[in-house]
>>> print(open('run-v9.txt').read())   # compact mmCIF, C-alpha atoms
# COMPACT_ATOMS: atom_id res chain seq x y z
CA MET A 1 120.65 98.16 79.45
CA ILE A 2 123.02 97.69 82.36
CA LEU A 3 120.07 96.26 84.27
CA ASN A 4 119.98 93.28 81.91
CA TYR A 5 123.64 92.54 82.54
CA ALA A 6 123.17 92.86 86.29
CA LEU A 7 120.17 90.54 86.09
CA ASP A 8 122.23 87.99 84.16
CA PHE A 9 124.99 88.26 86.77
CA ALA A 10 122.52 87.72 89.61
CA PHE A 11 121.02 84.70 87.81
CA LEU A 12 124.51 83.27 87.38
CA CYS A 13 125.45 83.83 91.03
CA PHE A 14 122.29 82.31 92.46
CA GLY A 15 122.51 79.38 90.05
CA LEU A 16 126.13 78.68 91.00
CA GLY A 17 125.17 78.90 94.67
CA LEU A 18 122.40 76.39 94.01
CA ALA A 19 124.90 74.00 92.40
CA MET A 20 127.24 74.31 95.41
CA ASN A 21 124.36 73.59 97.78
CA LEU A 22 123.39 70.55 95.72
CA TYR A 23 126.95 69.25 96.03
CA ARG A 24 126.76 69.79 99.79
CA VAL A 25 123.48 67.87 99.97
CA PHE A 26 125.14 64.84 98.38
CA ARG A 27 128.57 65.06 100.07
CA ALA A 28 128.15 66.13 103.67
CA PRO A 29 129.80 64.97 106.93
CA GLY A 30 126.55 64.79 108.88
CA VAL A 31 122.79 65.14 108.82
CA PRO A 32 122.62 68.82 110.02
CA ASP A 33 124.82 69.86 107.09
CA ARG A 34 122.40 68.31 104.64
CA ILE A 35 119.45 70.04 106.31
CA LEU A 36 121.34 73.34 106.19
CA ALA A 37 122.16 72.85 102.50
CA LEU A 38 118.50 72.11 101.72
CA ASP A 39 117.43 75.25 103.60
CA THR A 40 119.94 77.35 101.64
CA MET A 41 118.70 75.76 98.41
CA VAL A 42 115.17 76.90 99.23
CA ILE A 43 116.40 80.45 99.79
CA ASN A 44 118.39 80.47 96.54
CA VAL A 45 115.45 79.14 94.52
CA LEU A 46 113.29 81.84 96.12
CA ALA A 47 115.67 84.47 94.81
CA LEU A 48 115.67 82.82 91.37
CA ILE A 49 111.85 82.94 91.25
CA VAL A 50 111.88 86.65 92.19
CA LEU A 51 114.56 87.41 89.57
CA TYR A 52 112.49 85.52 86.97
CA GLY A 53 109.57 87.76 87.88
CA VAL A 54 111.76 90.83 87.22
CA ARG A 55 112.96 89.38 83.91
CA THR A 56 109.45 88.66 82.62
CA GLY A 57 107.99 91.80 84.22
CA SER A 58 105.04 89.99 85.73
CA GLY A 59 104.03 89.73 89.36
CA VAL A 60 102.40 86.31 89.09
CA ASN A 61 105.37 84.47 90.56
CA PHE A 62 105.35 86.10 93.98
CA GLU A 63 102.61 83.91 95.39
CA ALA A 64 104.65 80.91 94.32
CA ALA A 65 107.73 82.39 96.01
CA LEU A 66 105.83 83.01 99.24
CA LEU A 67 104.39 79.49 99.26
CA PHE A 68 107.84 78.09 98.52
CA ALA A 69 109.33 79.99 101.46
CA MET A 70 106.67 78.63 103.81
CA THR A 71 107.10 75.06 102.57
CA GLY A 72 110.87 75.31 102.94
CA PHE A 73 110.61 76.61 106.50
CA VAL A 74 108.17 73.91 107.55
CA SER A 75 110.23 71.15 105.95
CA THR A 76 113.45 72.36 107.63
CA VAL A 77 111.76 72.46 111.01
CA ALA A 78 110.30 68.99 110.40
CA TYR A 79 113.73 67.56 109.50
CA CYS A 80 115.31 69.07 112.62
CA LYS A 81 112.45 67.91 114.82
CA PHE A 82 112.87 64.40 113.48
CA VAL A 83 116.62 64.44 114.20
CA LEU A 84 116.04 65.83 117.69
CA ARG A 85 113.13 63.70 118.86
CA GLY A 86 112.74 60.88 116.35
CA ASP A 87 109.21 62.08 115.75
CA ILE A 88 107.72 65.17 114.12
CA ILE A 89 104.35 65.60 115.85
CA GLU A 90 104.46 64.11 119.34
CA MET B 1 116.75 110.10 86.81
CA ASP B 2 116.11 106.89 84.89
CA LEU B 3 119.82 106.25 84.68
CA ILE B 4 120.28 106.71 88.43
CA VAL B 5 117.45 104.29 89.19
CA GLU B 6 118.88 101.78 86.76
CA TYR B 7 122.33 101.99 88.33
CA ILE B 8 120.88 101.58 91.83
CA LEU B 9 118.90 98.52 90.71
CA ALA B 10 121.96 97.02 89.02
CA ALA B 11 124.07 97.63 92.14
CA LEU B 12 121.44 95.96 94.34
CA LEU B 13 121.30 92.94 92.03
CA VAL B 14 125.08 92.61 91.90
CA ILE B 15 125.41 92.93 95.69
CA GLY B 16 122.71 90.31 96.18
CA GLY B 17 124.37 87.90 93.76
CA VAL B 18 127.80 88.33 95.34
CA PHE B 19 126.41 87.77 98.84
CA ALA B 20 124.51 84.68 97.71
CA ILE B 21 127.53 83.10 96.09
CA VAL B 22 129.74 83.90 99.10
CA GLY B 23 127.18 82.31 101.42
CA SER B 24 126.93 79.15 99.35
CA PHE B 25 130.71 78.98 98.99
CA GLY B 26 131.09 79.32 102.76
CA LEU B 27 128.79 76.32 103.11
CA LEU B 28 131.36 74.32 101.16
CA LYS B 29 134.58 75.76 102.55
CA LEU B 30 134.24 76.40 106.28
CA PRO B 31 135.75 73.64 108.46
CA THR B 32 133.15 72.72 111.13
CA THR B 33 129.38 72.47 111.07
CA MET B 34 128.82 75.35 113.47
CA GLN B 35 130.93 77.62 111.27
CA ARG B 36 129.15 76.36 108.16
CA LEU B 37 125.88 77.31 109.85
CA HIS B 38 127.08 80.90 109.99
CA ALA B 39 127.72 81.42 106.27
CA PRO B 40 124.37 80.83 104.53
CA THR B 41 122.04 82.03 107.27
CA LYS B 42 123.56 85.50 107.21
CA ALA B 43 124.88 86.02 103.71
CA THR B 44 122.05 84.42 101.77
CA THR B 45 119.46 86.34 103.73
CA ILE B 46 121.19 89.61 102.79
CA GLY B 47 121.49 88.38 99.19
CA VAL B 48 117.83 87.47 98.89
CA GLY B 49 116.86 90.65 100.74
CA SER B 50 118.64 92.90 98.28
CA ALA B 51 117.25 90.93 95.32
CA LEU B 52 113.75 91.42 96.75
CA ILE B 53 114.36 95.16 97.26
CA ALA B 54 115.60 95.37 93.66
CA SER B 55 112.46 93.59 92.44
CA MET B 56 110.23 95.93 94.44
CA ALA B 57 112.00 99.02 93.09
CA TYR B 58 111.81 97.61 89.56
CA PHE B 59 108.04 97.20 89.72
CA TRP B 60 107.74 100.62 91.33
CA PHE B 61 109.68 102.49 88.66
CA TYR B 62 109.14 100.52 85.47
CA GLU B 63 105.70 98.93 85.81
CA ASP B 64 104.12 101.68 87.97
CA THR B 65 102.70 99.13 90.37
CA VAL B 66 103.53 98.79 94.05
CA SER B 67 103.84 95.12 94.93
CA TRP B 68 103.86 94.27 98.60
CA HIS B 69 104.62 90.60 98.12
CA GLU B 70 108.36 91.22 98.32
CA LEU B 71 107.98 92.90 101.68
CA MET B 72 105.96 89.92 102.91
CA ILE B 73 108.61 87.49 101.66
CA THR B 74 111.39 89.55 103.27
CA LEU B 75 109.49 89.73 106.56
CA PHE B 76 108.84 86.00 106.48
CA LEU B 77 112.48 85.20 105.71
CA PHE B 78 113.77 87.48 108.45
CA LEU B 79 111.36 85.89 110.91
CA THR B 80 112.16 82.30 110.02
CA ALA B 81 115.92 82.41 109.37
CA PRO B 82 116.90 82.59 113.09
CA ILE B 83 114.41 79.84 113.94
CA THR B 84 115.80 77.42 111.34
CA ALA B 85 119.38 78.30 112.35
CA ASN B 86 118.53 77.60 115.98
CA PHE B 87 116.90 74.29 115.08
CA ILE B 88 119.86 73.16 112.98
CA ALA B 89 122.29 74.16 115.74
CA LYS B 90 120.24 72.16 118.25
CA ALA B 91 120.24 69.15 115.93
CA GLN B 92 124.01 69.45 115.54
CA LEU B 93 124.46 69.71 119.34
CA HIS B 94 122.23 66.70 119.82
CA LEU B 95 124.17 64.57 117.34
CA ALA B 96 127.78 65.65 117.97
CA VAL B 97 127.97 66.46 121.70
CA LYS B 98 127.46 63.92 124.46
CA ALA B 99 124.90 64.66 127.16
CA GLU B 100 127.50 64.89 129.96
CA ASP B 101 129.62 67.41 128.01
CA LEU B 102 126.80 69.94 127.79
CA PRO B 103 126.73 72.76 130.38
CA PRO B 104 124.12 72.52 133.15
CA THR B 105 120.74 74.01 132.32
CA GLY B 106 120.38 75.85 135.65
CA VAL B 107 116.85 74.58 136.20
CA GLY B 108 115.59 71.30 137.56
CA THR B 109 115.22 69.53 134.25
CA GLN B 110 117.75 68.09 131.79
CA TRP B 111 118.45 69.35 128.29
CA ALA B 112 115.17 68.70 126.52
CA THR B 113 116.48 66.33 123.87
CA PHE B 114 118.34 64.24 126.46
CA ASP B 115 115.53 64.19 129.01
CA PRO B 116 115.13 60.57 130.16
CA GLU B 117 111.49 61.21 131.04
CA VAL B 118 110.60 61.19 127.36
CA GLU B 119 112.13 58.37 125.37
CA ALA B 120 113.66 59.70 122.14
CA VAL B 121 114.08 57.31 119.25
CA GLY B 122 116.41 59.48 117.20
CA PRO B 123 119.21 58.38 114.87
CA THR B 124 122.46 57.13 116.33
CA LEU B 125 125.30 59.37 117.47
CA ILE B 126 127.24 61.01 114.64
CA HIS B 127 130.39 62.91 115.54
CA ASP B 128 131.52 66.07 113.77
CA ARG B 129 133.78 64.79 111.02
CA GLU B 130 135.80 66.78 108.51
CA PRO B 131 134.22 66.99 105.03
CA ASP B 132 135.98 64.90 102.45
>>> encode(input="run-v9.txt", output="structure tokens")
Amino acid sequence: MILNYALDFAFLCFGLGLAMNLYRVFRAPGVPDRILALDTMVINVLALIVLYGVRTGSGVNFEAALLFAMTGFVSTVAYCKFVLRGDIIE
Amino acid sequence: MDLIVEYILAALLVIGGVFAIVGSFGLLKLPTTMQRLHAPTKATTIGVGSALIASMAYFWFYEDTVSWHELMITLFLFLTAPITANFIAKAQLHLAVKAEDLPPTGVGTQWATFDPEVEAVGPTLIHDREPD
């Protein structure tokens, strides 16, 4: 019973965090801030996928979460590499 | 017993949510980019970590299945979070600090991103401005 309320609270918190990150992606003072906001968005969406798996009681979503984490990591590194060197694979 | 497990799960979920929202709020509120780097890379990792532990315990106690995917995701996140933080900090250093202001490397070569041997074609210099 209380678990449902806690789950709702966690959904709300991660969703609000996602909205803040989205704002930071659009209004940021520099490129590294946008990259950081995108990385945090990936992490928040990961948590939302896991919480959705708890809500539905199925373990199908975890592969998606794992793949999403890998894609987010690679894309963050690619963005930073592009800022640092002007090229991703030299 | 069931009640204790439920309370522990609820506490984990609430702690994770609070940490996540604090991390994302720090991304908005902290003044400089290096300080903004600090907020999400620590707090959100703890937030996601406790949400993953809660999910694992949920499947353990309510569905009677042990799912190892959460442990893999946690391991992957804890491995990659320092790497991405380091990369973003290097990008920020590269964009906001001039080459002559950086401390000496102590070895024969320059800082890698300013090495004149390899011609970098990166974006132009952007200084650390206050967010509007």
>>> residues_around(input="run-v9.txt", residues="range 40-54 of chain A", least_positions_apart="5", cutoff="6 Å", atoms="all atoms listed in the file", output="list in words")
Phe14, Leu18, Asn61, Ala65 and Gly72 of chain A; Val48 and Ser55 of chain B
>>> interface_residues(input="run-v9.txt", of="chain A", to="chain B", cutoff="7 Å", atoms="all atoms listed in the file", output="ChimeraX atom specification")
/A:2-3,6-7,9-10,13-14,16-17,20-21,24,28-30,32-33,36,40,47,50,54,62,66,73,76-77,80,83-86
>>> atom_distance(input="run-v9.txt", atom1="CA of Gln110 in chain B", atom2="CA of Lys98 in chain B")
12.9 Å
>>> atom_distance(input="run-v9.txt", atom1="CA of Gly106 in chain B", atom2="CA of Leu79 in chain B")
28.2 Å
>>> atom_distance(input="run-v9.txt", atom1="CA of Tyr5 in chain A", atom2="CA of Arg55 in chain A")
11.2 Å
